[in-house]
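Pasted below: protein.cif, mmCIF, C-alpha atoms.
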```
data_structure
loop_
_atom_site.label_atom_id
_atom_site.label_comp_id
_atom_site.auth_asym_id
_atom_site.auth_seq_id
_atom_site.Cartn_x
_atom_site.Cartn_y
_atom_site.Cartn_z
CA MET V 1 -2.54 38.68 79.49
CA LYS V 2 0.88 37.14 80.10
CA PHE V 3 1.41 33.91 78.17
CA SER V 4 4.48 32.03 79.45
CA LEU V 5 6.39 29.02 78.12
CA ASP V 6 4.70 26.94 80.84
CA ASP V 7 1.32 27.92 79.46
CA LEU V 8 2.45 26.92 75.96
CA PHE V 9 3.31 23.40 77.15
CA LEU V 10 -0.02 23.15 78.93
CA VAL V 11 -1.91 24.29 75.83
CA LEU V 12 -0.04 21.71 73.73
CA GLY V 13 -1.00 19.10 76.30
CA VAL V 14 -4.63 20.16 76.12
CA GLY V 15 -4.48 19.83 72.34
CA GLN V 16 -2.99 16.34 72.59
CA GLY V 17 -5.67 15.34 75.08
CA LEU V 18 -8.44 16.60 72.81
CA PHE V 19 -6.88 14.79 69.85
CA LEU V 20 -6.88 11.47 71.72
CA SER V 21 -10.40 12.05 73.01
CA PHE V 22 -11.66 12.10 69.42
CA SER V 23 -9.16 9.86 67.61
CA ILE V 24 -9.16 6.80 69.89
CA PRO V 25 -12.94 6.18 69.63
CA ALA V 26 -12.73 6.70 65.86
CA LYS V 27 -10.08 3.97 65.59
CA LEU V 28 -11.95 1.43 67.69
CA LYS V 29 -14.18 -1.14 66.07
CA TYR V 30 -16.06 -1.59 69.30
CA SER V 31 -16.41 0.70 72.29
CA ASN V 32 -15.66 -1.36 75.38
CA GLY V 33 -15.72 -0.53 79.06
CA ALA V 34 -11.93 -0.29 79.39
CA ASN V 35 -11.68 2.28 76.61
CA ARG V 36 -14.49 4.38 78.04
CA ILE V 37 -12.61 4.50 81.35
CA LEU V 38 -9.38 5.46 79.54
CA LEU V 39 -11.18 8.27 77.74
CA ALA V 40 -12.60 9.50 81.06
CA ILE V 41 -9.05 9.68 82.47
CA ILE V 42 -7.80 11.55 79.40
CA ILE V 43 -10.71 14.00 79.40
CA MET V 44 -10.31 14.74 83.12
CA ALA V 45 -6.57 15.35 82.74
CA THR V 46 -7.25 17.60 79.75
CA ILE V 47 -9.82 19.65 81.67
CA MET V 48 -7.46 20.04 84.63
CA MET V 49 -4.62 21.23 82.36
CA ALA V 50 -6.94 23.71 80.69
CA GLY V 51 -8.02 24.87 84.14
CA LYS V 52 -4.41 25.53 85.16
CA VAL V 53 -3.98 27.82 82.13
CA VAL V 54 -7.23 29.67 82.83
CA VAL V 55 -6.45 30.18 86.55
CA HIS V 56 -2.95 31.40 85.70
CA GLN V 57 -4.30 33.89 83.17
CA TYR V 58 -7.52 34.92 84.92
CA LEU V 59 -7.02 34.50 88.66
CA SER V 60 -10.27 35.40 90.39
CA VAL V 61 -12.63 34.10 93.03
CA LEU V 62 -14.81 32.49 90.35
CA THR V 63 -11.94 30.64 88.64
CA MET V 64 -10.66 29.44 92.01
CA LYS V 65 -14.11 28.08 92.91
CA VAL V 66 -14.41 26.31 89.57
CA ALA V 67 -10.87 24.94 90.03
CA ALA V 68 -11.95 23.44 93.36
CA VAL V 69 -14.76 21.57 91.59
CA VAL V 70 -12.41 20.36 88.85
CA ASP V 71 -9.89 19.19 91.46
CA THR V 72 -12.35 16.45 92.37
CA ALA V 73 -10.61 14.56 89.58
CA ILE V 74 -7.67 14.04 91.95
CA PHE V 75 -9.80 11.49 93.79
CA LEU V 76 -11.01 9.91 90.56
CA PHE V 77 -7.71 9.18 88.84
CA GLY V 78 -6.64 6.41 91.23
CA PRO V 79 -9.87 4.36 91.18
CA LEU V 80 -10.21 4.80 87.41
CA ILE V 81 -6.63 3.65 86.76
CA LEU V 82 -7.23 0.51 88.80
CA LEU V 83 -10.61 -0.12 87.17
CA TYR V 84 -9.10 0.41 83.69
CA VAL V 85 -6.37 -2.16 84.27
CA GLN V 86 -8.86 -4.64 85.74
CA ARG V 87 -11.19 -4.25 82.77
CA ILE V 88 -8.48 -4.57 80.13
CA LEU V 89 -7.14 -7.70 81.87
CA ARG V 90 -10.68 -9.08 82.23
CA GLN V 91 -10.51 -9.06 86.02
CA SER V 92 -13.74 -8.75 87.97
CA SER V 93 -14.41 -5.92 90.41
CA THR V 94 -17.25 -5.76 92.92
CA ARG V 95 -18.75 -2.83 94.85
CA TYR V 96 -16.51 -0.47 92.97
CA PHE V 97 -18.79 2.47 93.76
CA LEU V 98 -17.24 2.54 97.27
CA HIS V 99 -13.96 3.70 95.71
CA PHE V 100 -15.68 6.89 94.53
CA VAL V 101 -16.91 7.97 97.98
CA PRO V 102 -13.91 10.34 98.54
CA ALA V 103 -14.57 12.00 95.17
CA THR V 104 -18.24 12.45 96.11
CA ILE V 105 -17.27 14.03 99.43
CA HIS V 106 -14.83 16.39 97.73
CA MET V 107 -17.40 17.39 95.13
CA THR V 108 -19.86 18.21 97.92
CA TYR V 109 -17.19 20.34 99.62
CA ALA V 110 -16.42 22.14 96.33
CA LEU V 111 -20.10 22.88 95.65
CA VAL V 112 -20.45 24.33 99.16
CA LEU V 113 -17.52 26.64 98.37
CA MET V 114 -19.30 27.74 95.20
CA ALA V 115 -22.14 29.06 97.36
CA VAL V 116 -19.83 31.09 99.63
CA PRO V 117 -19.97 34.86 98.86
CA GLN V 118 -16.87 36.46 97.40
CA GLN V 119 -15.80 38.31 100.53
CA GLY V 120 -16.36 35.27 102.71
CA PHE V 121 -14.40 33.07 100.28
CA VAL V 122 -11.38 35.39 100.41
CA GLY V 123 -11.62 35.45 104.19
CA LEU V 124 -11.39 31.66 104.36
CA PHE V 125 -7.77 31.80 103.24
CA LYS V 126 -6.96 33.79 106.37
CA GLN V 127 -8.30 30.99 108.58
CA MET V 128 -5.74 28.44 109.75
CA TRP V 129 -8.29 25.60 109.83
CA PHE V 130 -9.12 26.17 106.16
CA LEU V 131 -5.46 26.09 105.13
CA VAL V 132 -5.04 22.86 107.12
CA LEU V 133 -8.12 21.46 105.35
CA ILE V 134 -6.63 22.26 101.93
CA SER V 135 -3.36 20.56 102.94
CA ALA V 136 -5.25 17.51 104.21
CA ILE V 137 -7.20 17.23 100.95
CA GLU V 138 -4.04 17.28 98.88
CA THR V 139 -2.32 14.81 101.21
CA PHE V 140 -5.18 12.34 101.00
CA GLY V 141 -5.41 12.79 97.23
CA LEU V 142 -1.70 12.07 96.77
CA ILE V 143 -1.78 9.04 99.06
CA SER V 144 -4.88 7.75 97.27
CA LEU V 145 -3.28 8.00 93.82
CA ILE V 146 -0.05 6.33 95.01
CA ALA V 147 -1.97 3.50 96.70
CA TYR V 148 -4.22 2.80 93.71
CA SER V 149 -1.27 2.93 91.30
CA ILE V 150 0.70 0.43 93.39
CA ILE V 151 -2.29 -1.92 93.69
CA SER V 152 -2.87 -1.67 89.93
CA TRP V 153 0.81 -2.39 89.23
CA LEU V 154 0.83 -5.40 91.54
CA GLN V 155 -2.28 -6.82 89.89
CA LEU V 156 -0.65 -6.39 86.49
CA ARG V 157 2.49 -8.19 87.65
CA LYS V 158 0.45 -10.99 89.17
CA GLU V 159 -1.64 -11.41 86.02
CA GLN V 160 1.47 -11.47 83.86
CA SER V 161 3.15 -14.13 86.00
CA LEU V 162 0.05 -16.36 85.98
CA ASP V 163 -1.01 -15.79 82.37
CA GLU V 164 0.10 -18.77 80.29
CA SER V 165 -0.56 -16.79 77.11
CA ALA V 166 1.87 -14.00 78.09
CA LYS V 167 4.40 -15.35 75.56
CA PHE V 168 1.93 -14.89 72.73
CA VAL V 169 2.81 -11.77 70.79
CA SER V 170 -0.51 -9.93 71.23
CA ARG V 171 -0.59 -10.57 74.99
CA LYS V 172 3.05 -9.56 75.26
CA ALA V 173 2.24 -6.28 73.49
CA LEU V 174 -0.67 -5.67 75.85
CA PHE V 175 1.51 -6.16 78.92
CA LYS V 176 4.18 -3.89 77.40
CA TYR V 177 1.60 -1.16 76.87
CA LEU V 178 0.34 -1.46 80.46
CA HIS V 179 3.90 -1.27 81.80
CA TYR V 180 4.50 1.98 79.92
CA PHE V 181 1.07 3.18 81.06
CA HIS V 182 2.09 2.68 84.70
CA LEU V 183 5.51 4.18 84.08
CA SER V 184 4.01 7.43 82.78
CA VAL V 185 1.63 7.57 85.76
CA GLY V 186 4.61 6.93 88.06
CA VAL V 187 6.53 9.87 86.58
CA LEU V 188 3.60 12.19 87.23
CA ILE V 189 3.28 10.94 90.81
CA SER V 190 7.03 11.46 91.35
CA PHE V 191 6.80 15.12 90.32
CA TRP V 192 3.76 15.64 92.52
CA LEU V 193 5.42 13.91 95.49
CA VAL V 194 8.66 15.93 95.22
CA SER V 195 6.65 19.15 94.88
CA TYR V 196 4.58 18.19 97.92
CA ILE V 197 7.69 17.43 100.01
CA GLY V 198 9.28 20.72 98.99
CA LEU V 199 6.23 22.75 99.91
CA TYR V 200 5.12 21.11 103.15
CA ILE V 201 8.38 19.80 104.60
CA PHE V 202 11.18 22.06 103.32
CA ARG V 203 8.95 25.08 102.73
CA GLN V 204 10.52 25.75 99.37
CA SER V 205 10.16 24.92 95.70
CA PHE V 206 12.64 22.55 94.06
CA SER V 207 13.61 24.25 90.79
CA PHE V 208 12.15 21.98 88.09
CA PHE V 209 10.01 19.88 90.46
CA THR V 210 7.03 22.20 90.83
CA TYR V 211 3.29 21.83 90.45
CA ARG V 212 3.46 23.69 87.15
CA SER V 213 6.14 21.33 85.81
CA MET V 214 4.05 18.35 86.92
CA TRP V 215 1.25 19.47 84.65
CA MET V 216 3.72 20.35 81.91
CA ILE V 217 4.86 16.71 81.67
CA THR V 218 1.30 15.34 81.78
CA PRO V 219 1.31 15.19 77.95
CA ALA V 220 3.90 12.41 78.37
CA PHE V 221 1.03 10.23 79.55
CA PHE V 222 -0.97 11.24 76.48
CA TYR V 223 1.97 10.44 74.20
CA VAL V 224 2.27 6.92 75.63
CA VAL V 225 -1.43 6.22 75.04
CA GLY V 226 -1.35 7.97 71.66
CA PHE V 227 1.72 6.07 70.46
CA PHE V 228 0.21 2.67 71.23
CA SER V 229 -3.24 3.60 69.95
CA ILE V 230 -1.79 4.62 66.58
CA ARG V 231 0.95 1.99 66.23
CA GLN V 232 -0.94 -0.92 67.79
CA PRO V 233 -4.69 -0.16 67.74
CA GLU V 234 -5.41 -3.86 68.28
CA LEU V 235 -4.42 -3.38 71.92
CA PHE V 236 -7.49 -1.25 72.43
CA THR V 237 -9.79 -3.89 70.94
CA ILE V 238 -8.14 -6.93 72.52
CA ASN V 239 -10.98 -7.24 74.99
CA PRO V 240 -13.95 -5.71 73.14
CA LYS V 241 -17.33 -5.63 74.71
CA TYR V 242 -19.56 -8.17 73.09
CA ILE V 243 -22.31 -6.86 70.83
CA PRO V 244 -25.69 -7.45 72.46
CA SER V 245 -28.05 -9.62 70.50
CA LYS V 246 -31.65 -10.50 71.11
CA VAL V 247 -30.53 -13.67 72.88
CA ASP V 248 -27.02 -13.80 74.31
CA ARG V 249 -25.76 -17.34 74.15
CA LEU V 250 -23.20 -16.73 76.92
CA ASP V 251 -23.45 -14.54 80.00
CA PRO V 252 -20.58 -12.16 80.96
CA LYS V 253 -18.96 -14.67 83.35
CA GLU V 254 -19.00 -17.41 80.70
CA ILE V 255 -17.56 -14.97 78.17
CA SER V 256 -14.70 -14.04 80.52
CA LEU V 257 -13.92 -17.68 81.37
CA LEU V 258 -14.02 -18.90 77.77
CA SER V 259 -11.92 -15.93 76.60
CA LYS V 260 -9.24 -16.76 79.16
CA LYS V 261 -9.25 -20.41 78.07
CA LEU V 262 -8.89 -19.28 74.45
CA ASP V 263 -5.92 -17.05 75.37
CA GLN V 264 -4.31 -19.97 77.16
CA ALA V 265 -4.82 -22.24 74.15
CA ILE V 266 -3.12 -19.64 71.96
CA GLY V 267 -0.29 -19.42 74.48
CA GLN V 268 0.10 -23.20 74.21
CA GLN V 269 0.46 -22.74 70.43
CA LEU V 270 -2.51 -24.90 69.53
CA TYR V 271 -2.78 -22.85 66.32
CA LYS V 272 0.26 -24.71 64.95
CA GLN V 273 -1.92 -27.73 64.19
CA PRO V 274 -2.53 -27.53 60.39
CA ASP V 275 -5.83 -29.41 60.66
CA LEU V 276 -7.16 -27.35 63.57
CA THR V 277 -10.94 -27.05 63.34
CA MET V 278 -13.65 -25.36 65.33
CA LYS V 279 -14.59 -28.67 66.93
CA THR V 280 -10.98 -29.55 67.80
CA LEU V 281 -10.43 -26.20 69.47
CA ALA V 282 -13.81 -26.35 71.23
CA ASP V 283 -13.00 -29.82 72.60
CA HIS V 284 -9.68 -28.51 73.90
CA LEU V 285 -11.49 -25.60 75.60
CA GLU V 286 -14.09 -28.01 77.00
CA THR V 287 -16.92 -26.11 75.41
CA LYS V 288 -19.42 -26.53 72.59
CA PRO V 289 -18.48 -25.52 69.03
CA ASN V 290 -21.57 -23.28 68.89
CA ASP V 291 -20.47 -21.46 72.06
CA LEU V 292 -16.96 -20.92 70.66
CA SER V 293 -18.40 -19.72 67.35
CA TRP V 294 -20.68 -17.27 69.19
CA LEU V 295 -17.73 -15.94 71.21
CA LEU V 296 -15.55 -15.38 68.13
CA ASN V 297 -18.35 -13.77 66.13
CA ASN V 298 -19.86 -11.54 68.82
CA VAL V 299 -16.90 -10.75 71.09
CA TYR V 300 -13.91 -10.84 68.74
CA GLY V 301 -15.88 -9.90 65.64
CA LYS V 302 -14.19 -12.60 63.55
CA SER V 303 -14.89 -15.95 62.02
CA PHE V 304 -12.98 -18.97 63.29
CA TYR V 305 -10.60 -19.07 60.32
CA ASP V 306 -10.04 -15.30 60.35
CA PHE V 307 -9.13 -15.51 64.03
CA ILE V 308 -6.75 -18.45 63.62
CA ASN V 309 -5.11 -16.93 60.53
CA GLU V 310 -4.48 -13.67 62.38
CA VAL V 311 -2.88 -15.59 65.24
CA ARG V 312 -0.68 -17.52 62.80
CA ILE V 313 0.37 -14.36 60.94
CA GLU V 314 1.39 -12.70 64.21
CA ALA V 315 3.38 -15.80 65.17
CA PHE V 316 5.01 -15.75 61.71
CA LYS V 317 6.07 -12.10 62.14
CA GLU V 318 7.46 -12.87 65.57
CA LYS V 319 9.63 -15.61 64.08
CA LEU V 320 10.97 -13.17 61.48
CA LYS V 321 11.88 -10.74 64.27
CA ASN V 322 13.78 -13.59 65.91
CA ASN V 323 15.71 -14.09 62.64
CA GLU V 324 14.41 -17.62 62.09
CA HIS V 325 14.27 -16.85 58.37
CA ASN V 326 18.07 -17.05 58.33
CA HIS V 327 17.91 -20.85 58.49
CA LEU V 328 14.34 -21.49 57.29
CA THR V 329 12.52 -20.44 54.13
CA ILE V 330 9.51 -18.14 54.32
CA LEU V 331 7.28 -21.08 53.41
CA GLY V 332 9.00 -23.23 56.03
CA ILE V 333 8.18 -20.70 58.75
CA ALA V 334 4.61 -20.39 57.46
CA MET V 335 4.16 -24.15 57.66
CA ASP V 336 5.67 -24.14 61.14
CA VAL V 337 2.98 -21.76 62.45
CA GLY V 338 0.17 -23.90 61.03
CA PHE V 339 -0.47 -22.98 57.40
CA LYS V 340 -1.04 -25.94 55.10
CA SER V 341 -0.11 -24.39 51.76
CA LYS V 342 1.73 -21.45 50.22
CA SER V 343 -1.39 -20.06 48.54
CA THR V 344 -3.41 -20.05 51.76
CA PHE V 345 -0.55 -18.34 53.62
CA ASN V 346 0.00 -15.66 50.95
CA ARG V 347 -3.70 -14.90 50.71
CA ALA V 348 -4.12 -14.64 54.48
CA PHE V 349 -0.99 -12.51 54.90
CA LYS V 350 -2.03 -10.09 52.16
CA THR V 351 -5.55 -9.76 53.59
CA ILE V 352 -4.38 -9.13 57.17
CA SER V 353 -1.20 -7.09 56.58
CA SER V 354 -2.08 -5.35 53.27
CA GLU V 355 1.27 -6.42 51.84
CA THR V 356 2.95 -9.62 50.67
CA PRO V 357 5.30 -11.61 52.94
CA LYS V 358 8.23 -10.59 50.74
CA GLU V 359 7.33 -6.89 51.00
CA TYR V 360 6.99 -7.19 54.76
CA LEU V 361 10.40 -8.89 55.08
CA GLU V 362 12.09 -6.25 52.92
CA ARG V 363 10.51 -3.44 54.92
CA MET V 364 11.57 -5.11 58.16
CA ARG V 365 15.17 -5.42 56.93
CA SER V 366 15.32 -1.79 55.79
CA SER V 367 14.05 -0.54 59.13
#
```
Translate this structure into structure tokens?
Amino acid sequence: MKFSLDDLFLVLGVGQGLFLSFSIPAKLKYSNGANRILLAIIIMATIMMAGKVVVHQYLSVLTMKVAAVVDTAIFLFGPLILLYVQRILRQSSTRYFLHFVPATIHMTYALVLMAVPQQGFVGLFKQMWFLVLISAIETFGLISLIAYSIISWLQLRKEQSLDESAKFVSRKALFKYLHYFHLSVGVLISFWLVSYIGLYIFRQSFSFFTYRSMWMITPAFFYVVGFFSIRQPELFTINPKYIPSKVDRLDPKEISLLSKKLDQAIGQQLYKQPDLTMKTLADHLETKPNDLSWLLNNVYGKSFYDFINEVRIEAFKEKLKNNEHNHLTILGIAMDVGFKSKSTFNRAFKTISSETPKEYLERMRSS
């Protein structure tokens, strides 16, 4: 067995993928559709990296056949990336099963190969039509991933330009995460594209831009997801799936619409009203107080006052980052974001941030 430095990077990537596969669900209060899709992407990438190590160490007809089955993931990454972004942005998607037809076809092809005898399988690689078929599969897989990534990016940009709550700190953090998410995917595509051009057009390998190096930098994608999941776990629960009850007061479409209206109200800084009540907010959203209460309790997992206080605390922290405390007192900033008294502010801040406002400010200054 010959264990190279490339294999070491791949093994480290596999370890990072396994870590995220177990740690992200453990950190989530609710398991929503977007996070399940993200985990599927991570698990598939982890399996493919592990497969590259196995094939490199134990090249045989069996491992090559299994690798062909695993390579079906190439046709899954694109649709899943788009679906993940749509789900996390609360965008609807219809007839999505059609996007998985190419993956189904490739899986059928791979299973047929599994049934081919060993001698016949080796003989296939001497047939020009089979080599052309392999090239066509990779070409279509690369084009598919590029197309889905571009569509996903454009939908993100469109949503960000239209979203009135994009200036709100939590929405801004979400968009930042998705930008880095696309950037890491773009880096992987770039390596694959350069490797593809070198092999099929120039008939040579470009030093660092090889298929092996593409999989070696795959952990960069894991690090992006891991960084945000550890530093800002709220991003992965920003659109939690509602907890089913015996009688759901709102259907999924009503939930999506009311959630968007709520985000817009936060973007308009309605939380700054010191006397903001459930009824006042419900009237602004053109809904019933009971419907708003149900949404907050069952979708966001919070009471009305817990939700509003968290919004105000985040707005308070944002003002500190903008150095507004240089010309306003801590209490002055707290009052500006909607708190009515010092005691209410201190209690809410301690409960949400596990430290006092003074401790937070000192830590912020030291860092």
Closest of V:His182, V:His327, V:Lys126, V:Arg249 to Val85 of chain V, counting only C-alpha atoms, is V:His182
*asked:* So that I can see what lies close to Gly13 of chain V, please list as a ChimeraX atom specification the residues with an atom at most 8 Å from it, counting all atoms listed in the file and leaving out residues fewer than 6 positions away in the same chain.
replied: /V:46,49,216,218-219,222
Generate the output file for the selected residues, C-alpha atoms, as a CSV table (one decimal), in the frame of the given file.
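Full text of part-v5.csv as output:
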```
chain,number,residue,atom,x,y,z
V,46,THR,CA,-7.2,17.6,79.8
V,49,MET,CA,-4.6,21.2,82.4
V,216,MET,CA,3.7,20.4,81.9
V,218,THR,CA,1.3,15.3,81.8
V,219,PRO,CA,1.3,15.2,78.0
V,222,PHE,CA,-1.0,11.2,76.5
```
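The closest residue to Ile146 of chain V, picked from V:Gln268, V:Phe206, V:Val187, V:Val61 and counting all atoms listed in the file, is V:Val187.
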Margin query: Selection in question (the file shown): the PyMOL selection byres ((chain V and resi 70-82) around 7). Which residues does it include, as a PyMOL selection string?
Written below: chain V and resi 37+41+44+48+66-69+83-86+99-100+102-103+106-107+141+144-145+148-149+152
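In this model, the gap between atom CA of Val225 of chain V and atom CA of Leu39 of chain V comes to 10.3 Å.
Among the candidates V:Val53, V:Ile352, V:Leu178, V:Ala315, the one nearest to Gly338 of chain V when counting all atoms listed in the file is V:Ala315.
Of note, atom CA of Val224 of chain V and atom CA of Leu12 of chain V are spaced 15.1 Å apart.
Closest approach to Ser184 of chain V among V:Tyr196, V:Phe202, V:Phe339, V:Phe221: V:Phe221, based on only C-alpha atoms.
Comparing V:Val299, V:Val122, V:Leu156, V:Leu188 by their smallest distance to Phe175 of chain V, the closest is V:Leu156 (using all atoms listed in the file).
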Using only C-alpha atoms, determine which residues lie at most 9 Å from Thr277 of chain V, disregarding the query and same-chain residues fewer than 5 positions distant; provide the list as a ChimeraX atom specification. /V:282,304-305
Hey, what's within 10 Å of Lys279 of chain V if we count all atoms listed in the file and toss same-chain stuff fewer than 2 positions away? As number ranges by chain, please?
V: 276-277, 281-285, 287-290, 292-293
Here atom CA of Asn322 of chain V and atom CA of Asp336 of chain V stand apart by 14.1 Å
Which neighbours of Arg312 of chain V fall inside 10 Å, counting only C-alpha atoms, when residues of the same chain fewer than 6 positions from it are skipped, and could you give them as a PDB file with C-alpha atoms, in the coordinates of the input?
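This went into out26.pdb:
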```
ATOM      1  CA  ILE V 266      -3.120 -19.640  71.960  1.00  0.00           C
ATOM      2  CA  GLN V 269       0.460 -22.740  70.430  1.00  0.00           C
ATOM      3  CA  TYR V 271      -2.780 -22.850  66.320  1.00  0.00           C
ATOM      4  CA  LYS V 272       0.260 -24.710  64.950  1.00  0.00           C
ATOM      5  CA  ASP V 306     -10.040 -15.300  60.350  1.00  0.00           C
ATOM      6  CA  GLU V 318       7.460 -12.870  65.570  1.00  0.00           C
ATOM      7  CA  ALA V 334       4.610 -20.390  57.460  1.00  0.00           C
ATOM      8  CA  MET V 335       4.160 -24.150  57.660  1.00  0.00           C
ATOM      9  CA  ASP V 336       5.670 -24.140  61.140  1.00  0.00           C
ATOM     10  CA  VAL V 337       2.980 -21.760  62.450  1.00  0.00           C
ATOM     11  CA  GLY V 338       0.170 -23.900  61.030  1.00  0.00           C
ATOM     12  CA  PHE V 339      -0.470 -22.980  57.400  1.00  0.00           C
ATOM     13  CA  PHE V 345      -0.550 -18.340  53.620  1.00  0.00           C
ATOM     14  CA  ALA V 348      -4.120 -14.640  54.480  1.00  0.00           C
ATOM     15  CA  PHE V 349      -0.990 -12.510  54.900  1.00  0.00           C
TER      16      PHE V 349
END
```
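Closest to Phe181 of chain V among V:Asn326, V:Ser229, V:Asn297, V:Thr344 is V:Ser229, based on only C-alpha atoms.
Picked out by the PyMOL selection byres ((chain V and resi 361) around 12) when it runs on this file: V:Phe316, V:Lys317, V:Glu318, V:Lys319, V:Leu320, V:Lys321, V:Asn323, V:Glu324, V:His325, V:Asn326, V:Thr329, V:Ile330, V:Phe349, V:Ser353, V:Glu355, V:Thr356, V:Pro357, V:Lys358, V:Glu359, V:Tyr360, V:Glu362, V:Arg363, V:Met364, V:Arg365, V:Ser366, V:Ser367.
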Would you save segment 98-104 of chain V to a file, keeping all heavy atoms, as a PDB file, in the first residue's frame?
```pdb
ATOM      1  N   LEU V  98     -37.971  16.089 -11.930  1.00  0.00           N
ATOM      2  CA  LEU V  98     -37.460  16.069 -13.300  1.00  0.00           C
ATOM      3  C   LEU V  98     -35.957  16.368 -13.340  1.00  0.00           C
ATOM      4  O   LEU V  98     -35.251  15.900 -14.234  1.00  0.00           O
ATOM      5  CB  LEU V  98     -38.210  17.085 -14.164  1.00  0.00           C
ATOM      6  CG  LEU V  98     -39.697  16.809 -14.416  1.00  0.00           C
ATOM      7  CD1 LEU V  98     -40.331  17.957 -15.186  1.00  0.00           C
ATOM      8  CD2 LEU V  98     -39.873  15.500 -15.180  1.00  0.00           C
ATOM      9  N   HIS V  99     -35.480  17.127 -12.360  1.00  0.00           N
ATOM     10  CA  HIS V  99     -34.061  17.478 -12.328  1.00  0.00           C
ATOM     11  C   HIS V  99     -33.179  16.273 -12.002  1.00  0.00           C
ATOM     12  O   HIS V  99     -31.966  16.313 -12.227  1.00  0.00           O
ATOM     13  CB  HIS V  99     -33.806  18.590 -11.298  1.00  0.00           C
ATOM     14  CG  HIS V  99     -34.482  19.883 -11.624  1.00  0.00           C
ATOM     15  ND1 HIS V  99     -33.870  20.875 -12.351  1.00  0.00           N
ATOM     16  CD2 HIS V  99     -35.732  20.336 -11.359  1.00  0.00           C
ATOM     17  CE1 HIS V  99     -34.693  21.902 -12.497  1.00  0.00           C
ATOM     18  NE2 HIS V  99     -35.836  21.597 -11.901  1.00  0.00           N
ATOM     19  N   PHE V 100     -33.778  15.212 -11.480  1.00  0.00           N
ATOM     20  CA  PHE V 100     -33.019  14.034 -11.082  1.00  0.00           C
ATOM     21  C   PHE V 100     -33.072  12.920 -12.128  1.00  0.00           C
ATOM     22  O   PHE V 100     -32.582  11.828 -11.877  1.00  0.00           O
ATOM     23  CB  PHE V 100     -33.516  13.524  -9.729  1.00  0.00           C
ATOM     24  CG  PHE V 100     -33.294  14.494  -8.608  1.00  0.00           C
ATOM     25  CD1 PHE V 100     -34.333  15.280  -8.133  1.00  0.00           C
ATOM     26  CD2 PHE V 100     -32.037  14.644  -8.040  1.00  0.00           C
ATOM     27  CE1 PHE V 100     -34.129  16.184  -7.106  1.00  0.00           C
ATOM     28  CE2 PHE V 100     -31.819  15.547  -7.015  1.00  0.00           C
ATOM     29  CZ  PHE V 100     -32.867  16.326  -6.549  1.00  0.00           C
ATOM     30  N   VAL V 101     -33.659  13.194 -13.274  1.00  0.00           N
ATOM     31  CA  VAL V 101     -33.716  12.200 -14.356  1.00  0.00           C
ATOM     32  C   VAL V 101     -32.307  11.809 -14.828  1.00  0.00           C
ATOM     33  O   VAL V 101     -32.012  10.617 -14.984  1.00  0.00           O
ATOM     34  CB  VAL V 101     -34.573  12.718 -15.525  1.00  0.00           C
ATOM     35  CG1 VAL V 101     -34.440  11.798 -16.742  1.00  0.00           C
ATOM     36  CG2 VAL V 101     -36.036  12.825 -15.099  1.00  0.00           C
ATOM     37  N   PRO V 102     -31.387  12.778 -15.080  1.00  0.00           N
ATOM     38  CA  PRO V 102     -30.029  12.392 -15.501  1.00  0.00           C
ATOM     39  C   PRO V 102     -29.331  11.486 -14.487  1.00  0.00           C
ATOM     40  O   PRO V 102     -28.634  10.541 -14.884  1.00  0.00           O
ATOM     41  CB  PRO V 102     -29.300  13.740 -15.626  1.00  0.00           C
ATOM     42  CG  PRO V 102     -30.390  14.717 -15.932  1.00  0.00           C
ATOM     43  CD  PRO V 102     -31.563  14.243 -15.123  1.00  0.00           C
ATOM     44  N   ALA V 103     -29.515  11.764 -13.188  1.00  0.00           N
ATOM     45  CA  ALA V 103     -28.904  10.920 -12.164  1.00  0.00           C
ATOM     46  C   ALA V 103     -29.485   9.514 -12.207  1.00  0.00           C
ATOM     47  O   ALA V 103     -28.758   8.520 -12.038  1.00  0.00           O
ATOM     48  CB  ALA V 103     -29.113  11.538 -10.781  1.00  0.00           C
ATOM     49  N   THR V 104     -30.781   9.411 -12.460  1.00  0.00           N
ATOM     50  CA  THR V 104     -31.432   8.097 -12.559  1.00  0.00           C
ATOM     51  C   THR V 104     -30.890   7.313 -13.750  1.00  0.00           C
ATOM     52  O   THR V 104     -30.625   6.107 -13.654  1.00  0.00           O
ATOM     53  CB  THR V 104     -32.956   8.272 -12.699  1.00  0.00           C
ATOM     54  OG1 THR V 104     -33.447   9.026 -11.592  1.00  0.00           O
ATOM     55  CG2 THR V 104     -33.649   6.920 -12.738  1.00  0.00           C
TER      56      THR V 104
END
```
